[in-house]
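Coordinates from structure.tsv are shown below (TSV, C-alpha atoms and all ligand atoms).
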chain	number	residue	atom	x	y	z
E	5	MET	CA	0.00	0.00	0.00
E	6	GLY	CA	2.89	2.34	0.78
E	7	ASP	CA	0.66	5.24	1.82
E	8	THR	CA	1.53	7.07	4.99
E	9	ASN	CA	-1.79	8.93	5.17
E	10	ASP	CA	-4.05	8.17	8.15
E	11	LYS	CA	-6.86	7.73	5.71
E	12	PRO	CA	-5.70	5.89	2.60
E	13	GLN	CA	-7.65	6.55	-0.56
E	14	SER	CA	-9.81	3.81	-1.99
E	15	GLN	CA	-7.42	3.14	-4.87
E	16	ASN	CA	-4.79	2.04	-2.36
E	17	TRP	CA	-6.67	-1.08	-1.45
E	18	GLU	CA	-6.16	-4.01	-3.77
E	19	VAL	CA	-9.44	-5.79	-4.45
E	20	VAL	CA	-9.08	-9.37	-5.65
E	21	GLU	CA	-11.68	-11.60	-7.24
E	22	TYR	CA	-11.64	-15.24	-6.14
E	23	ASN	CA	-13.86	-18.30	-6.02
E	24	LEU	CA	-15.28	-18.61	-2.51
E	25	LYS	CA	-17.28	-21.72	-3.41
E	26	GLU	CA	-14.05	-23.61	-4.09
E	27	ALA	CA	-11.92	-21.99	-1.41
E	28	SER	CA	-9.49	-24.13	0.63
E	29	SER	CA	-10.55	-24.92	4.17
E	30	GLU	CA	-7.79	-22.60	5.40
E	31	LEU	CA	-9.34	-19.69	3.48
E	32	LEU	CA	-12.85	-20.64	4.58
E	33	ASP	CA	-11.67	-20.54	8.19
E	34	LYS	CA	-10.45	-16.99	7.59
E	35	TYR	CA	-13.71	-16.09	5.90
E	36	TYR	CA	-15.56	-17.45	8.94
E	37	VAL	CA	-13.75	-14.89	11.13
E	38	ILE	CA	-15.09	-11.86	9.21
E	39	TYR	CA	-18.46	-13.52	8.59
E	40	SER	CA	-18.93	-14.23	12.32
E	41	GLN	CA	-17.98	-10.74	13.34
E	42	LEU	CA	-20.56	-9.22	11.00
E	43	TYR	CA	-23.15	-11.84	11.99
E	44	LYS	CA	-22.74	-10.84	15.66
E	45	GLU	CA	-23.17	-7.20	14.71
E	46	GLU	CA	-26.32	-7.91	12.72
E	47	HIS	CA	-27.80	-10.53	15.09
E	48	PRO	CA	-26.52	-9.61	18.57
E	49	ASP	CA	-28.96	-11.91	20.40
E	50	GLU	CA	-28.35	-15.03	18.34
E	51	PRO	CA	-25.79	-17.80	18.58
E	52	LEU	CA	-23.27	-17.82	15.73
E	53	LEU	CA	-23.98	-19.80	12.62
E	54	PRO	CA	-21.78	-22.94	12.79
E	55	LEU	CA	-19.01	-23.15	10.18
E	56	ASP	CA	-20.37	-26.33	8.57
E	57	ILE	CA	-23.76	-24.69	7.88
E	58	LEU	CA	-22.08	-21.60	6.45
E	59	LYS	CA	-19.90	-23.80	4.22
E	60	GLU	CA	-22.88	-25.71	2.96
E	61	ARG	CA	-24.77	-22.46	2.22
E	62	ILE	CA	-21.82	-21.01	0.30
E	63	GLN	CA	-21.29	-24.16	-1.73
E	64	ARG	CA	-24.98	-24.72	-2.44
E	65	ASN	CA	-25.99	-24.34	-6.05
E	66	ASP	CA	-28.90	-21.93	-6.39
E	67	PRO	CA	-31.31	-22.71	-9.22
E	68	SER	CA	-31.54	-19.12	-10.49
E	69	TRP	CA	-28.84	-16.89	-9.03
E	70	CYS	CA	-25.06	-16.97	-8.99
E	71	ASN	CA	-22.34	-14.90	-7.32
E	72	ARG	CA	-18.91	-13.45	-7.96
E	73	TYR	CA	-16.74	-12.91	-4.92
E	74	PHE	CA	-14.23	-10.19	-4.07
E	75	ALA	CA	-12.03	-9.38	-1.09
E	76	VAL	CA	-9.48	-7.02	0.37
E	77	PHE	CA	-6.79	-8.81	2.41
E	78	LYS	CA	-4.53	-7.23	4.99
E	79	ASN	CA	-1.87	-9.11	6.99
E	80	ASP	CA	-3.01	-12.40	5.48
E	81	ALA	CA	-6.60	-11.97	6.74
E	82	TYR	CA	-9.79	-10.46	5.33
E	83	ALA	CA	-10.26	-6.71	5.82
E	84	GLY	CA	-13.38	-6.69	3.66
E	85	THR	CA	-15.52	-8.89	1.46
E	86	GLY	CA	-17.84	-8.27	-1.43
E	87	SER	CA	-20.16	-10.40	-3.47
E	88	MET	CA	-22.36	-9.56	-6.39
E	89	GLN	CA	-25.34	-11.66	-7.16
E	90	PHE	CA	-26.93	-11.83	-10.60
E	91	LEU	CA	-29.10	-14.15	-12.68
E	92	LYS	CA	-27.46	-17.34	-13.89
E	93	PRO	CA	-26.77	-17.20	-17.60
E	94	GLY	CA	-29.68	-18.79	-19.45
E	95	VAL	CA	-32.32	-18.08	-16.77
E	96	GLU	CA	-35.20	-16.12	-18.29
E	97	ALA	CA	-36.43	-13.20	-16.18
E	98	ASP	CA	-36.99	-9.88	-17.91
E	99	GLU	CA	-37.35	-7.95	-14.65
E	100	PHE	CA	-34.04	-9.15	-13.21
E	101	LYS	CA	-31.84	-9.40	-16.31
E	102	PHE	CA	-30.17	-6.07	-15.69
E	103	LEU	CA	-30.03	-6.22	-11.91
E	104	SER	CA	-27.23	-7.13	-9.52
E	105	THR	CA	-27.35	-7.18	-5.73
E	106	PHE	CA	-24.14	-6.23	-3.94
E	107	TYR	CA	-23.16	-7.36	-0.44
E	108	ILE	CA	-20.19	-5.49	1.04
E	109	ARG	CA	-18.80	-6.04	4.51
E	110	THR	CA	-15.70	-4.66	6.16
E	111	LEU	CA	-14.20	-5.44	9.56
E	112	PRO	CA	-14.95	-2.65	12.08
E	113	GLU	CA	-11.22	-1.86	12.54
E	114	TYR	CA	-10.88	-1.16	8.82
E	115	ARG	CA	-13.96	1.02	8.44
E	116	ARG	CA	-13.93	4.60	7.17
E	117	LYS	CA	-10.63	3.91	5.43
E	118	GLY	CA	-11.98	3.41	1.94
E	119	VAL	CA	-12.11	-0.41	1.89
E	120	GLY	CA	-15.87	-0.49	1.25
E	121	THR	CA	-15.52	2.08	-1.52
E	122	ALA	CA	-12.69	0.10	-3.15
E	123	ILE	CA	-14.84	-3.04	-3.23
E	124	LEU	CA	-17.85	-1.11	-4.49
E	125	LYS	CA	-15.75	0.44	-7.24
E	126	LYS	CA	-14.34	-2.89	-8.41
E	127	MET	CA	-17.74	-4.58	-8.45
E	128	THR	CA	-19.34	-1.63	-10.24
E	129	GLN	CA	-16.61	-1.83	-12.91
E	130	GLU	CA	-17.36	-5.52	-13.38
E	131	THR	CA	-21.13	-5.03	-13.60
E	132	LEU	CA	-20.64	-2.27	-16.18
E	133	LYS	CA	-18.88	-4.86	-18.37
E	134	MET	CA	-21.82	-7.23	-17.90
E	135	GLY	CA	-24.41	-4.73	-19.08
E	136	ILE	CA	-26.09	-4.48	-15.65
E	137	LYS	CA	-28.20	-1.31	-15.26
E	138	THR	CA	-29.33	-1.35	-11.64
E	139	ILE	CA	-27.54	-2.23	-8.44
E	140	GLU	CA	-29.25	-2.99	-5.17
E	141	MET	CA	-27.85	-3.12	-1.66
E	142	TYR	CA	-29.55	-3.94	1.63
E	143	SER	CA	-28.47	-2.87	5.06
E	144	MET	CA	-29.66	-3.56	8.59
E	145	LEU	CA	-26.83	-1.59	10.20
E	146	ASP	CA	-26.37	2.16	10.48
E	147	SER	CA	-22.92	1.96	8.90
E	148	GLY	CA	-24.37	0.36	5.75
E	149	LYS	CA	-27.22	2.86	5.62
E	150	SER	CA	-24.73	5.76	5.82
E	151	PHE	CA	-22.55	4.13	3.17
E	152	CYS	CA	-25.51	3.67	0.78
E	153	GLY	CA	-26.69	7.21	1.55
E	154	HIS	CA	-23.21	8.55	0.79
E	155	PHE	CA	-23.42	7.00	-2.67
E	156	GLN	CA	-26.93	8.46	-3.13
E	157	GLY	CA	-28.84	5.20	-3.22
E	158	LYS	CA	-32.60	5.57	-3.37
E	159	VAL	CA	-34.48	3.75	-0.62
E	160	VAL	CA	-36.91	1.43	-2.40
E	161	ASN	CA	-37.68	-1.10	0.28
E	162	ASN	CA	-38.28	-0.98	3.99
E	163	PHE	CA	-38.23	-4.34	5.66
E	164	GLY	CA	-38.55	-5.00	9.37
E	165	PHE	CA	-37.16	-8.13	11.01
E	166	ASN	CA	-39.37	-9.19	13.87
E	167	ARG	CA	-38.84	-11.70	16.59
E	168	LEU	CA	-41.12	-13.45	19.06
E	169	ASP	CA	-39.53	-15.11	22.10
E	170	ILE	CA	-41.42	-18.27	23.05
E	171	LYS	CA	-41.15	-17.38	26.74
E	172	ASP	CA	-43.09	-14.14	26.11
E	173	ILE	CA	-46.09	-15.76	24.40
E	174	ASP	CA	-49.43	-15.32	26.10
E	175	TRP	CA	-50.74	-18.85	25.50
E	176	ARG	CA	-54.20	-18.09	26.89
E	177	MET	CA	-54.62	-15.36	24.30
E	178	VAL	CA	-53.39	-17.65	21.53
E	179	GLU	CA	-55.85	-20.37	22.57
E	180	SER	CA	-58.68	-17.84	22.72
E	181	TRP	CA	-57.82	-16.62	19.19
E	182	LYS	CA	-58.14	-20.18	17.95
E	183	ILE	CA	-61.49	-20.76	19.63
E	184	GLU	CA	-62.93	-17.38	18.66
E	185	ALA	CA	-61.92	-17.73	15.01
E	186	GLU	CA	-63.24	-21.29	14.83
E	187	THR	CA	-66.74	-20.01	15.54
E	188	LYS	CA	-66.49	-17.63	12.56
E	189	THR	CA	-65.30	-20.32	10.15
E	190	PRO	CA	-66.76	-23.56	11.56
E	191	ASP	CA	-66.67	-25.39	8.23
E	192	THR	CA	-63.01	-24.68	7.66
E	193	LYS	CA	-60.51	-27.21	8.94
E	194	ILE	CA	-56.85	-26.57	9.69
E	195	GLU	CA	-54.40	-29.30	8.66
E	196	PHE	CA	-50.62	-29.56	9.00
E	197	HIS	CA	-48.35	-30.90	6.29
E	198	GLU	CA	-44.61	-31.19	5.76
E	199	ARG	CA	-45.12	-30.84	2.02
E	200	LEU	CA	-48.02	-30.48	-0.35
E	201	THR	CA	-48.59	-32.57	-3.44
E	202	GLY	CA	-51.02	-32.85	-6.37
E	203	LYS	CA	-53.97	-30.48	-6.45
E	204	ASP	CA	-53.05	-29.04	-3.03
E	205	TRP	CA	-49.64	-28.02	-4.35
E	206	ASP	CA	-51.22	-26.40	-7.44
E	207	GLN	CA	-53.57	-24.33	-5.31
E	208	TYR	CA	-50.81	-23.40	-2.91
E	209	LEU	CA	-48.53	-22.30	-5.76
E	210	GLU	CA	-51.23	-20.07	-7.27
E	211	MET	CA	-51.80	-18.43	-3.89
E	212	GLN	CA	-48.09	-18.02	-3.25
E	213	VAL	CA	-47.74	-16.20	-6.60
E	214	ALA	CA	-50.74	-13.99	-5.83
E	215	PHE	CA	-49.54	-13.09	-2.32
E	216	PHE	CA	-46.00	-12.26	-3.40
E	217	LYS	CA	-47.37	-10.14	-6.24
E	218	GLU	CA	-49.63	-8.30	-3.79
E	219	LEU	CA	-46.70	-7.73	-1.39
E	220	SER	CA	-44.33	-6.53	-4.09
E	221	LEU	CA	-46.72	-3.63	-4.65
E	222	PHE	CA	-45.65	-2.22	-1.28
E	223	ASP	CA	-42.25	-1.40	-2.73
E	224	GLU	CA	-41.42	1.89	-4.38
E	225	GLU	CA	-40.16	0.17	-7.49
E	226	PRO	CA	-41.91	-3.16	-7.60
E	227	LEU	CA	-39.91	-5.83	-9.31
E	228	PHE	CA	-42.02	-8.90	-9.77
E	229	ASP	CA	-41.65	-11.31	-12.64
E	230	GLU	CA	-44.48	-13.79	-12.38
E	231	GLU	CA	-43.16	-16.42	-14.75
E	232	PHE	CA	-39.72	-16.31	-13.14
E	233	PHE	CA	-41.16	-16.40	-9.63
E	234	ARG	CA	-43.20	-19.50	-10.44
E	235	LYS	CA	-40.28	-21.40	-11.95
E	236	ASP	CA	-37.81	-20.35	-9.27
E	237	PHE	CA	-40.22	-21.21	-6.47
E	238	VAL	CA	-40.85	-24.72	-7.85
E	239	GLU	CA	-37.11	-25.32	-8.35
E	240	TYR	CA	-36.30	-24.03	-4.89
E	241	GLU	CA	-38.88	-26.29	-3.25
E	242	LYS	CA	-37.59	-29.32	-5.20
E	243	LYS	CA	-34.06	-28.57	-4.07
E	244	ARG	CA	-35.10	-27.98	-0.48
E	245	ILE	CA	-36.68	-31.42	-0.33
E	246	GLU	CA	-33.77	-33.14	-2.13
E	247	GLU	CA	-31.13	-31.56	0.11
E	248	GLY	CA	-33.08	-32.17	3.31
E	249	THR	CA	-31.35	-29.44	5.33
E	250	ARG	CA	-34.36	-27.17	5.65
E	251	ASP	CA	-37.66	-28.53	6.91
E	252	ALA	CA	-41.02	-26.86	6.62
E	253	VAL	CA	-44.46	-27.14	8.16
E	254	ILE	CA	-47.45	-25.67	6.42
E	255	ALA	CA	-50.84	-25.18	8.07
E	256	VAL	CA	-53.58	-25.04	5.46
E	257	ALA	CA	-57.16	-23.89	5.89
E	258	ARG	CA	-59.39	-26.26	3.94
E	259	GLU	CA	-63.07	-25.81	3.13
E	260	ALA	CA	-65.57	-28.68	3.18
E	261	ASP	CA	-65.30	-29.13	-0.63
E	262	GLY	CA	-61.53	-29.64	-0.35
E	263	THR	CA	-60.42	-26.18	-1.52
E	264	ILE	CA	-57.48	-24.57	0.27
E	265	ILE	CA	-58.30	-20.94	1.07
E	266	GLY	CA	-55.27	-19.90	3.13
E	267	TYR	CA	-52.11	-21.08	4.81
E	268	THR	CA	-49.25	-20.16	7.06
E	269	GLU	CA	-45.84	-21.76	6.85
E	270	ILE	CA	-42.70	-22.09	8.92
E	271	SER	CA	-39.27	-23.41	8.03
E	272	TYR	CA	-36.18	-24.29	10.01
E	273	ASP	CA	-32.77	-25.83	9.85
E	274	LYS	CA	-32.60	-28.81	12.23
E	275	ARG	CA	-28.99	-27.87	13.02
E	276	GLU	CA	-30.23	-24.57	14.51
E	277	PRO	CA	-33.01	-25.84	16.77
E	278	HIS	CA	-33.36	-22.54	18.64
E	279	LYS	CA	-34.82	-20.71	15.68
E	280	ILE	CA	-37.86	-20.97	13.44
E	281	ASP	CA	-38.61	-18.76	10.47
E	282	GLN	CA	-42.22	-17.75	10.06
E	283	ASP	CA	-42.72	-17.53	6.31
E	284	MET	CA	-45.76	-16.54	4.27
E	285	THR	CA	-49.22	-16.27	5.79
E	286	GLY	CA	-52.04	-15.57	3.39
E	287	VAL	CA	-55.78	-15.92	2.96
E	288	LEU	CA	-57.59	-15.73	-0.37
E	289	LYS	CA	-58.88	-12.19	-0.92
E	290	GLU	CA	-62.55	-13.26	-0.99
E	291	ARG	CA	-62.17	-15.15	2.31
E	292	ARG	CA	-60.59	-12.33	4.30
E	293	GLY	CA	-62.23	-10.60	7.27
E	294	LYS	CA	-63.13	-13.75	9.21
E	295	ASN	CA	-60.01	-14.02	11.36
E	296	LEU	CA	-58.63	-16.91	9.34
E	297	GLY	CA	-55.16	-15.33	9.33
E	298	LYS	CA	-55.27	-15.12	13.13
E	299	ARG	CA	-56.59	-18.66	13.41
E	300	LEU	CA	-53.81	-20.04	11.20
E	301	LYS	CA	-51.16	-18.18	13.16
E	302	ALA	CA	-52.60	-19.33	16.51
E	303	GLU	CA	-52.83	-22.96	15.41
E	304	MET	CA	-49.26	-22.86	14.13
E	305	LEU	CA	-47.96	-21.43	17.41
E	306	LEU	CA	-49.72	-24.15	19.37
E	307	LYS	CA	-48.20	-26.74	17.04
E	308	ILE	CA	-44.72	-25.29	17.64
E	309	ARG	CA	-45.30	-25.35	21.40
E	310	ASP	CA	-46.38	-28.99	21.30
E	311	THR	CA	-43.77	-30.36	18.89
E	312	LYS	CA	-40.63	-28.20	19.05
E	313	PRO	CA	-39.42	-27.90	22.64
E	314	ASP	CA	-35.98	-26.48	21.74
E	315	VAL	CA	-37.23	-23.38	19.95
E	316	ILE	CA	-36.27	-20.12	21.67
E	317	PHE	CA	-37.67	-17.65	19.16
E	318	ILE	CA	-39.59	-17.25	15.93
E	319	ALA	CA	-38.25	-14.81	13.36
E	320	THR	CA	-40.20	-13.14	10.63
E	321	GLY	CA	-39.81	-10.30	8.21
E	322	ASN	CA	-42.48	-7.86	7.14
E	323	ASP	CA	-42.67	-4.98	4.79
E	324	THR	CA	-43.20	-2.06	7.15
E	325	LYS	CA	-46.28	-1.07	5.10
E	326	ASN	CA	-48.02	-4.42	5.62
E	327	LYS	CA	-50.31	-3.07	8.33
E	328	HIS	CA	-52.58	-6.15	8.69
E	329	MET	CA	-49.78	-8.60	9.31
E	330	LEU	CA	-47.93	-6.16	11.56
E	331	LYS	CA	-51.06	-5.75	13.69
E	332	ILE	CA	-51.48	-9.52	14.15
E	333	ASN	CA	-47.77	-9.98	14.84
E	334	GLY	CA	-47.73	-7.04	17.27
E	335	GLU	CA	-50.63	-8.53	19.26
E	336	LEU	CA	-48.80	-11.85	19.44
E	337	GLY	CA	-45.75	-10.08	20.87
E	338	PHE	CA	-43.41	-9.94	17.86
E	339	LYS	CA	-40.92	-7.11	18.35
E	340	GLN	CA	-38.91	-5.44	15.62
E	341	SER	CA	-35.31	-6.56	16.03
E	342	SER	CA	-33.92	-4.56	13.12
E	343	LEU	CA	-34.92	-2.60	10.08
E	344	SER	CA	-33.36	-3.35	6.75
E	345	LEU	CA	-33.41	-0.72	4.05
E	346	GLY	CA	-33.11	-1.67	0.40
E	347	TYR	CA	-31.30	0.84	-1.82
E	348	SER	CA	-31.31	1.07	-5.57
E	349	PHE	CA	-28.58	2.68	-7.67
E	350	LYS	CA	-28.61	3.50	-11.36
E	351	ILE	CA	-25.31	2.11	-12.50
E	352	HIS	CA	-24.17	5.16	-14.47
E	353	ASP	CA	-24.91	7.54	-11.61
E	354	LEU	CA	-22.93	5.29	-9.29
E	355	ALA	CA	-20.09	4.94	-11.80
E	356	THR	CA	-19.91	8.73	-12.08
E	357	LYS	CA	-19.87	9.14	-8.30
E	358	LEU	CA	-17.04	6.59	-8.09
E	359	GLY	CA	-15.05	8.38	-10.79
E	360	LEU	CA	-15.39	5.49	-13.24
E	361	GLU	CA	-17.11	7.50	-15.97
J	401	LIG	C1	-20.96	-0.34	4.94
J	401	LIG	C2	-19.50	-0.74	5.04
J	401	LIG	C3	-19.22	-1.85	4.04
J	401	LIG	C4	-18.67	0.49	4.70
J	401	LIG	O1	-17.30	0.10	4.65
J	401	LIG	P1	-16.13	1.16	4.84
J	401	LIG	O2	-14.88	0.41	4.52
J	401	LIG	O3	-16.21	1.81	6.16
J	401	LIG	O4	-16.51	2.21	3.70
J	401	LIG	P2	-15.72	3.55	3.26
J	401	LIG	O5	-14.62	3.86	4.21
J	401	LIG	O6	-15.32	3.34	1.85
J	401	LIG	O7	-16.87	4.65	3.37
J	401	LIG	C5	-17.24	5.48	2.29
J	401	LIG	C6	-18.14	6.58	2.78
J	401	LIG	O8	-19.38	6.06	3.25
J	401	LIG	C7	-19.85	6.86	4.37
J	401	LIG	N1	-19.87	6.04	5.58
J	401	LIG	C8	-19.46	4.75	5.71
J	401	LIG	N2	-19.66	4.33	6.97
J	401	LIG	C9	-20.19	5.35	7.65
J	401	LIG	C10	-20.61	5.52	9.00
J	401	LIG	N3	-20.50	4.53	9.90
J	401	LIG	N4	-21.14	6.72	9.36
J	401	LIG	C11	-21.27	7.72	8.48
J	401	LIG	N5	-20.86	7.62	7.19
J	401	LIG	C12	-20.34	6.45	6.77
J	401	LIG	C13	-18.86	7.97	4.53
J	401	LIG	O9	-19.30	9.06	3.76
J	401	LIG	C14	-17.60	7.36	3.96
J	401	LIG	O10	-16.68	8.32	3.49
J	401	LIG	P3	-15.76	9.15	4.57
J	401	LIG	O11	-15.23	8.16	5.56
J	401	LIG	O12	-14.70	9.75	3.70
J	401	LIG	O13	-16.65	10.15	5.22
J	401	LIG	C15	-19.15	-1.22	6.49
J	401	LIG	O14	-19.49	-0.21	7.40
J	401	LIG	C16	-19.87	-2.48	6.89
J	401	LIG	O15	-19.34	-3.57	6.69
J	401	LIG	N6	-21.10	-2.37	7.45
J	401	LIG	C17	-21.90	-3.53	7.79
J	401	LIG	C18	-22.43	-4.28	6.55
J	401	LIG	C19	-23.31	-3.42	5.65
J	401	LIG	O16	-24.26	-2.81	6.10
J	401	LIG	N7	-23.00	-3.38	4.33
J	401	LIG	C20	-23.61	-2.46	3.38
J	401	LIG	C21	-24.64	-2.98	2.50
J	401	LIG	S1	-24.31	-4.46	1.62

How does the structure come out when it is put into structure tokens?
Amino acid sequence: MGDTNDKPQSQNWEVVEYNLKEASSELLDKYYVIYSQLYKEEHPDEPLLPLDILKERIQRNDPSWCNRYFAVFKNDAYAGTGSMQFLKPGVEADEFKFLSTFYIRTLPEYRRKGVGTAILKKMTQETLKMGIKTIEMYSMLDSGKSFCGHFQGKVVNNFGFNRLDIKDIDWRMVESWKIEAETKTPDTKIEFHERLTGKDWDQYLEMQVAFFKELSLFDEEPLFDEEFFRKDFVEYEKKRIEEGTRDAVIAVAREADGTIIGYTEISYDKREPHKIDQDMTGVLKERRGKNLGKRLKAEMLLKIRDTKPDVIFIATGNDTKNKHMLKINGELGFKQSSLSLGYSFKIHDLATKLGLE
């Protein structure tokens, strides 16, 4: 580096591209150091993700997306990491063809020294060559929000991470929700499944598409590609079942004629028994207003209580504009643990700001 300034300029940091998926175990151990530090910063109340799970997640082959990896090393260790995610060549998705999501992380002791900027600059240069037009970045931490603000990113998404500690649940209230809602929808039965097949799966998929489409409208710049979503979702579910690392439970609300009119779903990694992710909850538009959402949520919580004794908390994410779900979650005792902002950058504006154009 050879710079005696207290604050080296971004061009002083050498950013290297490398293949993290095929990294040696020695390099992965080093990566785990920076990963864990950032994980602790982002999830202060959670145990660290074990190295073997991280390894498996890095090496996993996603059906639709791929990554290129970058890093700044100092004294034979990571000072910062970057990855850019983009659609796999050959995957059809008009909405996402020109989009790349950047993840940049620097160790606290190297912050405000231009490392983040150096990584951003290198990755922007690479995306320019690929014909990418829009870059997105997400941040839960103030440092990331300031960084994105500095580069004039436009906030397009506001996502709250919420958490419900099992010890704080008012079980009498949950049981009363179940009983109260049952009287409003006496002909609807709630069933639990680990996976859906046949006609049930078809109905579930149609609802999943409809709910995600509805939710994407909360964003400033909605990006929803229905055909892509459908294909990706089916592929992802196939892979989840094949790999067997992530289990799911889905509670469906079924009418007397067999039709599914709503569901709520959870998923979890058996190797992290303390944590459950609450995924989508949705009720068909024409069946709303009868507390079915509440009933599904209550029944699922009771199921968790009765079958998963090691769970400490349930985590969920909600668009901060999704008032209905936030109200239900708030009554159950979910508390916002962090707020992630999604930023969008027009590549040429960013390139100009970084002195690349
Ligand atoms: C965001 C992050 C990568 C920035 O890395 P960095 O190496 O500190 O970045 P830089 O030194 O290049 O910062 C560039 C500019 O961003 C702004 N900035 C960055 N961090 C800031 C902070 N904590 N407070 C205020 N401004 C900040 C400043 O304007 C800074 O320029 P300056 O120091 O000359 O004033 C780092 O703080 C981090 O890892 N945060 C947690 C992960 C994250 O949120 N990543 C971002 C989204 S993917």

- Message: Please compute the CA of Thr187 in chain E-CA of Ile332 in chain E distance, one decimal, in Å.
- Response: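 Pair CA of Thr187 in chain E / CA of Ile332 in chain E returns 18.6 Å.
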
- Message: Show me which residues line ligand LIG 401 (chain J), defined as having an atom within 10 Å of a ligand atom where only C-alpha atoms and all ligand atoms count, and present them as a VMD selection string.
- Response: chain E and resid 11 to 14 38 41 to 43 45 to 46 83 to 88 105 to 125 140 to 155 344 to 347

- CA of Arg244 in chain E to CA of Asn322 in chain E: how many Å, to one decimal?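 Pair CA of Arg244 in chain E / CA of Asn322 in chain E returns 22.7 Å.
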
Would you give me, as CSV, each residue of range 234-278 of chain E having an atom within 9 Å of an atom of range 50-60 of chain E, along with its shortest atom pair and that distance in Å to one decimal, using all atoms listed in the file and sorting by chain and residue number?
residue,atom,partner,partner_atom,distance
E:Arg275,CA,E:Ile57,CA,8.0
E:Glu276,CA,E:Leu53,CA,8.1
E:His278,CA,E:Pro51,CA,8.9

- Any idea what's packed within 8 Å of Lys350 in chain E, counting only C-alpha atoms, ignoring anything in its chain fewer than 5 positions away? Could you give it as a PyMOL selection string? chain E and resi 137-139

- Using CA of Tyr39 in chain E and CA of Val160 in chain E as the two end points, give the distance in Å to one decimal. 26.2 Å

- Message: List the spatial neighbours of range 228-234 of chain E as a list in words - criterion: any atom at most 9 Å away, all atoms listed in the file, same-chain residues fewer than 5 positions off excluded.
- Response: Val95, Glu96, Ala97, Asp98, Glu99, Phe100, Leu209, Glu210, Gln212, Val213, Phe216, Lys217, Ser220, Leu221 and Glu239 of chain E

First collect every listed atom of range 16-31 of chain E; then fit an axis-aligned box around them, widen it by 5 Å on each side, and give centre and edge lengths in Å to one decimal, as AutoDock Vina command-line options.
--center_x -11.0 --center_y -11.4 --center_z -0.9 --size_x 22.5 --size_y 37.0 --size_z 22.6

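Taking only C-alpha atoms into account, Lys279 in chain E lies nearest to E:Thr320 out of the set E:Thr320, E:Asn161, E:Ser29, E:Gln89.
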
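Using all atoms listed in the file, the protein and nucleic acid residues lying no more than 10 Å from Thr189 in chain E, apart from those fewer than 5 places from it along its own chain, are E:Glu184, E:Ala257, E:Glu259, E:Arg291, E:Lys294, E:Asn295, E:Leu296, E:Arg299.
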
So that I have them on file, write out the residues from the current selection with C-alpha atoms, as a PDB file, in the coordinates of the input.
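New file out_24.pdb:
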ATOM      1  CA  GLU E 184     -62.930 -17.380  18.660  1.00  0.00           C
ATOM      2  CA  ALA E 257     -57.160 -23.890   5.890  1.00  0.00           C
ATOM      3  CA  GLU E 259     -63.070 -25.810   3.130  1.00  0.00           C
ATOM      4  CA  ARG E 291     -62.170 -15.150   2.310  1.00  0.00           C
ATOM      5  CA  LYS E 294     -63.130 -13.750   9.210  1.00  0.00           C
ATOM      6  CA  ASN E 295     -60.010 -14.020  11.360  1.00  0.00           C
ATOM      7  CA  LEU E 296     -58.630 -16.910   9.340  1.00  0.00           C
ATOM      8  CA  ARG E 299     -56.590 -18.660  13.410  1.00  0.00           C
TER       9      ARG E 299
END

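Each of E:Phe90, E:Phe165, E:Tyr36, E:Trp205 was compared to Asp283 in chain E using all atoms listed in the file, and E:Phe165 turns out to be the nearest.
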
- Which neighbours of Ala27 in chain E fall inside 12 Å, counting all atoms listed in the file, when residues of the same chain fewer than 5 positions from it are skipped, and could you give them as a list in words?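 Near Ala27 in chain E, the qualifying residues are Glu21, Tyr22, Leu32, Asp33, Lys34, Tyr35, Tyr36, Lys59, Ile62, Gln63 and Tyr73 of chain E.
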
- Can you pull out every residue within 12 Å of Arg292 in chain E, counting all atoms listed in the file, but drop anything in the same chain fewer than 3 positions away, and send it as a ChimeraX atom specification? /E:188-189,265-266,286-289,295-299,328
